[in-house]
file start.cif (mmCIF, C-alpha atoms and all ligand atoms)
data_protein
loop_
_atom_site.label_atom_id
_atom_site.label_comp_id
_atom_site.auth_asym_id
_atom_site.auth_seq_id
_atom_site.Cartn_x
_atom_site.Cartn_y
_atom_site.Cartn_z
CA MET A 1 55.95 73.94 123.61
CA SER A 2 55.60 72.72 127.18
CA GLY A 3 57.95 73.24 130.11
CA PRO A 4 59.90 76.33 131.16
CA ARG A 5 60.86 78.92 128.57
CA PRO A 6 64.38 78.51 127.18
CA VAL A 7 66.90 81.35 127.41
CA VAL A 8 69.13 82.49 124.57
CA LEU A 9 72.32 84.26 125.60
CA SER A 10 74.05 86.03 122.76
CA GLY A 11 76.57 88.83 122.32
CA PRO A 12 80.16 89.27 121.19
CA SER A 13 82.80 86.68 121.92
CA GLY A 14 84.43 87.81 125.16
CA ALA A 15 81.37 89.74 126.41
CA GLY A 16 81.03 87.41 129.41
CA LYS A 17 78.29 84.97 128.40
CA SER A 18 80.05 81.85 129.71
CA THR A 19 81.12 83.55 132.93
CA LEU A 20 77.57 84.68 133.72
CA MET A 21 76.00 81.41 132.63
CA LYS A 22 78.33 79.20 134.64
CA ARG A 23 77.65 81.24 137.74
CA LEU A 24 73.90 81.10 137.15
CA MET A 25 73.99 77.32 136.81
CA LYS A 26 76.21 76.88 139.86
CA ASP A 27 73.99 79.08 142.04
CA HIS A 28 70.80 77.35 140.86
CA GLU A 29 71.47 73.66 140.84
CA GLY A 30 68.76 71.61 139.16
CA VAL A 31 67.18 74.63 137.47
CA PHE A 32 69.13 75.18 134.27
CA GLY A 33 70.41 72.83 131.60
CA PHE A 34 72.92 73.89 128.99
CA SER A 35 72.22 73.18 125.35
CA VAL A 36 75.53 71.63 124.32
CA SER A 37 76.34 72.88 120.83
CA HIS A 38 78.44 71.21 118.20
CA THR A 39 81.57 72.98 116.98
CA THR A 40 84.45 72.32 114.63
CA ARG A 41 86.84 74.51 116.62
CA ASN A 42 89.53 72.90 118.77
CA PRO A 43 88.85 72.42 122.47
CA ARG A 44 90.51 74.92 124.82
CA PRO A 45 92.39 73.70 127.87
CA GLY A 46 89.83 72.61 130.45
CA GLU A 47 86.96 72.23 127.99
CA GLU A 48 85.23 68.85 128.03
CA ASP A 49 83.73 67.10 125.04
CA GLY A 50 79.99 66.63 125.57
CA LYS A 51 79.91 69.22 128.36
CA ASP A 52 81.14 72.50 126.89
CA TYR A 53 80.68 71.46 123.27
CA HIS A 54 80.40 68.38 121.13
CA PHE A 55 83.72 68.76 119.35
CA THR A 56 83.42 67.44 115.84
CA THR A 57 84.61 67.73 112.25
CA ARG A 58 83.11 69.63 109.34
CA GLU A 59 82.28 66.39 107.55
CA VAL A 60 80.43 64.83 110.47
CA MET A 61 78.63 68.05 111.31
CA GLN A 62 77.60 68.63 107.69
CA GLU A 63 76.15 65.13 107.59
CA GLY A 64 74.03 65.91 110.65
CA ILE A 65 72.90 69.22 109.13
CA ASP A 66 71.92 67.48 105.89
CA LYS A 67 69.90 64.94 107.85
CA GLY A 68 67.99 67.77 109.56
CA GLU A 69 69.41 67.09 113.01
CA PHE A 70 70.11 70.78 113.79
CA ILE A 71 67.67 73.56 114.64
CA GLU A 72 70.27 76.11 113.55
CA ASN A 73 73.88 76.29 112.50
CA ALA A 74 76.29 79.05 111.53
CA GLU A 75 79.87 79.75 110.58
CA PHE A 76 81.71 81.93 113.07
CA SER A 77 85.37 82.91 112.88
CA GLY A 78 86.12 80.15 110.40
CA ASN A 79 84.40 77.34 112.31
CA PHE A 80 80.98 75.70 112.23
CA TYR A 81 78.72 75.91 115.27
CA GLY A 82 75.23 74.50 115.67
CA THR A 83 72.45 73.53 118.02
CA SER A 84 71.18 69.99 117.55
CA LYS A 85 67.59 69.03 118.21
CA ALA A 86 68.97 66.43 120.62
CA ALA A 87 70.80 69.12 122.66
CA ILE A 88 67.49 70.91 123.30
CA GLU A 89 65.57 67.68 123.83
CA ASP A 90 68.05 66.45 126.49
CA VAL A 91 67.34 69.53 128.61
CA ARG A 92 63.62 69.58 127.95
CA ALA A 93 63.29 65.94 129.03
CA LYS A 94 64.57 66.97 132.48
CA ASN A 95 62.14 69.89 132.63
CA LEU A 96 64.97 72.38 133.14
CA ILE A 97 65.36 75.88 131.73
CA CYS A 98 67.38 75.36 128.58
CA ILE A 99 70.21 77.89 128.10
CA LEU A 100 71.56 78.40 124.60
CA ASP A 101 74.76 80.33 123.90
CA VAL A 102 74.58 81.30 120.23
CA ASP A 103 75.83 84.08 117.98
CA ILE A 104 73.59 86.63 116.26
CA GLN A 105 73.07 84.35 113.23
CA GLY A 106 71.78 81.70 115.63
CA VAL A 107 69.39 84.23 117.17
CA ARG A 108 67.92 84.93 113.74
CA ARG A 109 67.50 81.25 112.93
CA ILE A 110 65.96 80.43 116.30
CA LYS A 111 63.40 83.18 115.72
CA GLU A 112 62.14 81.12 112.80
CA THR A 113 61.44 78.12 115.06
CA ASP A 114 58.78 77.52 117.71
CA LEU A 115 61.29 77.49 120.60
CA ASN A 116 60.00 80.81 122.00
CA PRO A 117 62.97 81.65 124.26
CA ILE A 118 63.79 84.80 126.20
CA TYR A 119 66.44 86.59 124.11
CA ILE A 120 69.21 88.22 126.15
CA SER A 121 72.19 90.04 124.71
CA ILE A 122 75.32 90.38 126.83
CA GLN A 123 77.36 93.36 125.68
CA PRO A 124 80.78 94.64 126.74
CA PRO A 125 81.06 98.26 127.95
CA SER A 126 83.26 99.14 124.93
CA MET A 127 85.32 97.62 122.11
CA GLU A 128 88.50 98.50 124.01
CA ILE A 129 87.41 96.60 127.10
CA LEU A 130 86.26 93.68 124.98
CA GLU A 131 89.65 93.46 123.29
CA LYS A 132 91.42 93.59 126.64
CA ARG A 133 89.22 90.81 128.08
CA LEU A 134 89.75 88.62 125.03
CA ARG A 135 93.52 89.15 125.15
CA ASP A 136 93.65 88.50 128.89
CA ARG A 137 91.64 85.28 128.43
CA GLN A 138 94.57 83.96 126.37
CA THR A 139 92.47 81.53 124.34
CA GLU A 140 92.88 83.11 120.90
CA THR A 141 95.57 83.48 118.29
CA GLU A 142 96.02 86.98 116.90
CA GLU A 143 94.09 85.89 113.80
CA SER A 144 91.09 84.47 115.65
CA LEU A 145 91.13 87.46 118.00
CA GLN A 146 90.87 89.85 115.04
CA LYS A 147 88.02 87.80 113.54
CA ARG A 148 86.18 87.91 116.85
CA LEU A 149 86.60 91.68 117.13
CA GLU A 150 85.29 92.10 113.61
CA ALA A 151 82.25 89.94 114.40
CA ALA A 152 81.82 91.90 117.66
CA ARG A 153 81.46 95.20 115.81
CA LEU A 154 78.66 93.74 113.71
CA ASP A 155 77.04 92.13 116.74
CA MET A 156 77.09 95.41 118.68
CA GLU A 157 75.36 97.17 115.77
CA LEU A 158 72.74 94.49 115.13
CA SER A 159 71.85 94.04 118.77
CA LYS A 160 70.75 97.69 118.89
CA GLU A 161 67.97 96.96 116.39
CA PRO A 162 64.64 97.17 118.19
CA GLY A 163 62.90 93.85 118.72
CA VAL A 164 65.91 91.59 118.29
CA PHE A 165 66.51 91.10 122.03
CA ASP A 166 64.14 91.23 124.97
CA VAL A 167 66.94 92.64 127.12
CA VAL A 168 70.46 93.93 126.62
CA ILE A 169 72.78 93.64 129.62
CA ILE A 170 75.98 95.67 129.65
CA ASN A 171 78.55 93.53 131.42
CA ASP A 172 80.61 96.27 133.03
CA ASP A 173 80.65 95.33 136.69
CA LEU A 174 80.22 91.55 136.86
CA GLU A 175 78.19 91.56 140.11
CA ARG A 176 75.73 94.11 138.76
CA ALA A 177 75.38 92.32 135.42
CA TYR A 178 74.76 89.04 137.23
CA GLU A 179 72.08 90.60 139.45
CA GLU A 180 70.38 91.99 136.35
CA LEU A 181 70.42 88.58 134.67
CA LYS A 182 68.96 86.87 137.75
CA GLU A 183 66.23 89.50 137.99
CA ILE A 184 65.18 88.92 134.37
CA LEU A 185 65.01 85.16 134.88
CA ASN A 186 63.47 85.27 138.34
CA ASP A 187 59.94 84.26 137.30
CA GLU A 188 61.13 81.26 135.28
CA ILE A 189 63.50 80.19 138.07
CA GLN A 190 60.62 80.34 140.60
CA LYS A 191 58.44 78.20 138.35
CA VAL A 192 61.06 75.45 138.14
CA GLN A 193 61.90 75.62 141.85
CA THR A 194 58.28 75.36 143.00
CA LYS A 195 57.76 72.28 140.86
CA SER A 196 60.66 70.34 142.35
N1 LIG B 201 74.83 79.98 115.91
C1 LIG B 201 75.49 79.38 116.89
N2 LIG B 201 76.47 80.03 117.53
C2 LIG B 201 77.10 79.39 118.53
C3 LIG B 201 76.76 78.07 118.95
N3 LIG B 201 77.58 77.72 119.96
C4 LIG B 201 78.36 78.78 120.21
N4 LIG B 201 78.09 79.79 119.35
C5 LIG B 201 78.69 81.12 119.26
O1 LIG B 201 79.94 81.02 118.64
C6 LIG B 201 80.78 82.09 119.06
C7 LIG B 201 82.14 81.56 119.42
O2 LIG B 201 82.06 80.69 120.52
P1 LIG B 201 83.39 80.14 121.20
O3 LIG B 201 84.31 79.60 120.14
O4 LIG B 201 83.01 79.22 122.30
O5 LIG B 201 84.12 81.43 121.74
P2 LIG B 201 83.76 82.44 122.94
O6 LIG B 201 82.35 82.90 122.75
O7 LIG B 201 84.75 83.53 122.74
O8 LIG B 201 83.96 81.69 124.23
C8 LIG B 201 80.03 82.75 120.23
O9 LIG B 201 79.43 83.93 119.73
C9 LIG B 201 78.98 81.75 120.60
O10 LIG B 201 77.81 82.37 121.12
C10 LIG B 201 75.71 77.42 118.25
O11 LIG B 201 75.34 76.29 118.50
N5 LIG B 201 75.12 78.12 117.24
N1 LIG B 202 82.45 92.01 134.19
C1 LIG B 202 83.66 91.55 133.90
N2 LIG B 202 84.76 92.26 134.28
C2 LIG B 202 85.99 91.81 133.97
N3 LIG B 202 86.27 90.67 133.31
C3 LIG B 202 85.22 89.93 132.90
C4 LIG B 202 83.87 90.31 133.18
N4 LIG B 202 83.06 89.38 132.67
C5 LIG B 202 83.84 88.45 132.08
N5 LIG B 202 85.15 88.76 132.24
C6 LIG B 202 86.32 88.01 131.71
O1 LIG B 202 86.34 88.27 130.31
C7 LIG B 202 86.72 87.10 129.58
C8 LIG B 202 85.61 86.76 128.57
O2 LIG B 202 84.47 86.25 129.26
P1 LIG B 202 83.72 84.95 128.77
O3 LIG B 202 82.71 84.60 129.81
O4 LIG B 202 84.71 83.90 128.37
O5 LIG B 202 83.00 85.54 127.46
P2 LIG B 202 82.11 84.85 126.33
O6 LIG B 202 81.60 83.55 126.87
O7 LIG B 202 81.03 85.83 126.05
O8 LIG B 202 83.04 84.68 125.15
C9 LIG B 202 86.96 86.00 130.60
O9 LIG B 202 88.35 85.88 130.82
C10 LIG B 202 86.23 86.49 131.85
O10 LIG B 202 86.83 86.04 133.02
#
call {"tool": "encode", "arguments": {"input": "start.cif", "output": "structure tokens", "more": "lines below"}}
Ligand SMILES: Nc1nc2c(ncn2[C@@H]2O[C@H](COP(=O)(O)OP(=O)(O)O)[C@@H](O)[C@H]2O)c(=O)[nH]1
Ligand SMILES: Nc1ncnc2c1ncn2[C@@H]1O[C@H](COP(=O)(O)OP(=O)(O)O)[C@@H](O)[C@H]1O
result
Amino acid sequence: MSGPRPVVLSGPSGAGKSTLMKRLMKDHEGVFGFSVSHTTRNPRPGEEDGKDYHFTTREVMQEGIDKGEFIENAEFSGNFYGTSKAAIEDVRAKNLICILDVDIQGVRRIKETDLNPIYISIQPPSMEILEKRLRDRQTETEESLQKRLEAARLDMELSKEPGVFDVVIINDDLERAYEELKEILNDEIQKVQTKS
């Protein structure tokens, strides 16, 4: 695979992946490209189709999966999510560092491909803090919140397994977590910046 190494950000829902990623992209214009996933969940206020996600239906997504258009897909909290080959290709064509935000099932599936990304897990300091952040975000119903917390427990266990992630960042203080993330990606960022 040519071009800069992609980056996989994973970790429990509410751990801070989007917050860290958006900041990284804003502070490094023309360096990163987001792999826009498909999902069957409803858009949240402020989310844009084609930018945050490709919002779709189960039927349409299943058709794409059957045709082999996805490098991975998973069910999370009652919805389908997946990374299309086109999502990765769009970023690669621009020679940017491709960032993927996927759950732990996605991490496993991506390991079976030749993508060769840097695997980073973003973890909350504790379950209690995670629950508070998810509640304060006000995006979930009680039901989807409970499903996310259940998935988070599993994620926190699995991410401790040696060899799954290259790095685990505890997102306690946001500034410190962000500095840690930048430090890890520094070499790749330099490579892209010196080329442009
Ligand atoms: N496997 C997989 N997981 C995804 C994909 N896109 C998003 N996810 C994961 O799905 C979970 C739910 O995402 P989302 O509904 O946006 O909620 P949030 O993480 O709480 O903002 C998160 O763990 C994401 O990392 C994808 O394309 N594939
Ligand atoms: N270090 C932090 N301290 C306090 N709140 C945070 C921190 N990081 C993220 N948050 C908040 O927690 C919530 C979940 O973060 P988000 O980036 O949406 O998580 P994810 O993308 O992993 O689901 C958001 O409301 C965000 O503003």
call {"tool": "closest_residue", "arguments": {"input": "start.cif", "among": "A:Lys22, A:Ser35, A:Phe165, A:Gln146", "to": "A:Lys111", "atoms": "only C-alpha atoms"}}
result
A:Phe165
call {"tool": "residues_around", "arguments": {"input": "start.cif", "residues": "A:Ile189", "least_positions_apart": "2", "cutoff": "9 Å", "atoms": "all atoms listed in the file", "output": "mmCIF file with C-alpha atoms, in the frame of the given file"}}
result
data_model
loop_
_atom_site.group_PDB
_atom_site.id
_atom_site.type_symbol
_atom_site.label_atom_id
_atom_site.label_comp_id
_atom_site.auth_asym_id
_atom_site.auth_seq_id
_atom_site.Cartn_x
_atom_site.Cartn_y
_atom_site.Cartn_z
ATOM 1 C CA PRO A 4 59.900 76.330 131.160
ATOM 2 C CA HIS A 28 70.800 77.350 140.860
ATOM 3 C CA VAL A 31 67.180 74.630 137.470
ATOM 4 C CA PHE A 32 69.130 75.180 134.270
ATOM 5 C CA ILE A 97 65.360 75.880 131.730
ATOM 6 C CA LYS A 182 68.960 86.870 137.750
ATOM 7 C CA LEU A 185 65.010 85.160 134.880
ATOM 8 C CA ASN A 186 63.470 85.270 138.340
ATOM 9 C CA ASP A 187 59.940 84.260 137.300
ATOM 10 C CA LYS A 191 58.440 78.200 138.350
ATOM 11 C CA VAL A 192 61.060 75.450 138.140
ATOM 12 C CA GLN A 193 61.900 75.620 141.850
ATOM 13 C CA THR A 194 58.280 75.360 143.000
#
call {"tool": "residues_near_ligand", "arguments": {"input": "start.cif", "ligand": "ligand LIG 201 (chain B)", "cutoff": "6 Å", "atoms": "all atoms listed in the file", "output": "VMD selection string"}}
result
chain A and resid 10 12 to 14 37 to 38 73 to 74 76 81 to 83 101 to 103 105 to 106
call {"tool": "closest_atom_pairs", "arguments": {"input": "start.cif", "of": "stretch 96-166 of chain A", "to": "stretch 87-92 of chain A", "cutoff": "12 Å", "atoms": "all atoms listed in the file", "output": "CSV"}}
result
residue,atom,partner,partner_atom,distance
A:Leu96,CA,A:Val91,CA,5.9
A:Ile97,CA,A:Val91,CA,7.3
A:Cys98,CA,A:Val91,CA,5.8
A:Ile99,CA,A:Val91,CA,8.9
A:Leu100,CA,A:Ile88,CA,8.6
A:Asp101,CA,A:Ile88,CA,11.9
A:Ile110,CA,A:Ile88,CA,11.9
A:Leu115,CA,A:Ile88,CA,9.4
A:Pro117,CA,A:Ile88,CA,11.7
call {"tool": "write_last_selection", "arguments": {"input": "start.cif", "atoms": "C-alpha atoms", "output": "tab-separated table (two decimals), in the coordinates of the input"}}
result
chain	number	residue	atom	x	y	z
A	96	LEU	CA	64.97	72.38	133.14
A	97	ILE	CA	65.36	75.88	131.73
A	98	CYS	CA	67.38	75.36	128.58
A	99	ILE	CA	70.21	77.89	128.10
A	100	LEU	CA	71.56	78.40	124.60
A	101	ASP	CA	74.76	80.33	123.90
A	110	ILE	CA	65.96	80.43	116.30
A	115	LEU	CA	61.29	77.49	120.60
A	117	PRO	CA	62.97	81.65	124.26
call {"tool": "residues_near_ligand", "arguments": {"input": "start.cif", "ligand": "ligand LIG 202 (chain B)", "cutoff": "8 Å", "atoms": "all atoms listed in the file", "output": "list in words"}}
result
Ser10, Gly11, Pro12, Ser13, Gly14, Ala15, Gly16, Lys17, Ser18, Thr19, Leu20, Met21, Ile122, Leu130, Arg133, Leu134, Asp136, Arg137, Gln138, Asn171, Asp172, Asp173, Leu174, Glu175 and Ala177 of chain A
call {"tool": "atom_distance", "arguments": {"input": "start.cif", "atom1": "atom CA of A:Gly33", "atom2": "atom CA of A:Ala93"}}
result
10.2 Å
call {"tool": "residues_around", "arguments": {"input": "start.cif", "residues": "A:Lys160", "least_positions_apart": "5", "cutoff": "12 Å", "atoms": "only C-alpha atoms", "output": "short mmCIF file (atom, residue, chain, number, x, y, z; two decimals) with C-alpha atoms, keeping the file's coordinate frame"}}
result
data_model
loop_
_atom_site.label_atom_id
_atom_site.label_comp_id
_atom_site.auth_asym_id
_atom_site.auth_seq_id
_atom_site.Cartn_x
_atom_site.Cartn_y
_atom_site.Cartn_z
CA GLY A 11 76.57 88.83 122.32
CA ILE A 104 73.59 86.63 116.26
CA SER A 121 72.19 90.04 124.71
CA ILE A 122 75.32 90.38 126.83
CA GLN A 123 77.36 93.36 125.68
CA ARG A 153 81.46 95.20 115.81
CA LEU A 154 78.66 93.74 113.71
CA ASP A 155 77.04 92.13 116.74
CA PHE A 165 66.51 91.10 122.03
CA ASP A 166 64.14 91.23 124.97
CA VAL A 167 66.94 92.64 127.12
CA VAL A 168 70.46 93.93 126.62
CA ILE A 169 72.78 93.64 129.62
#
call {"tool": "atom_distance", "arguments": {"input": "start.cif", "atom1": "atom CA of A:Arg5", "atom2": "atom CA of A:Gln190"}}
result
12.1 Å
call {"tool": "atom_distance", "arguments": {"input": "start.cif", "atom1": "atom CA of A:Ile71", "atom2": "atom CA of A:Tyr119"}}
result
16.2 Å
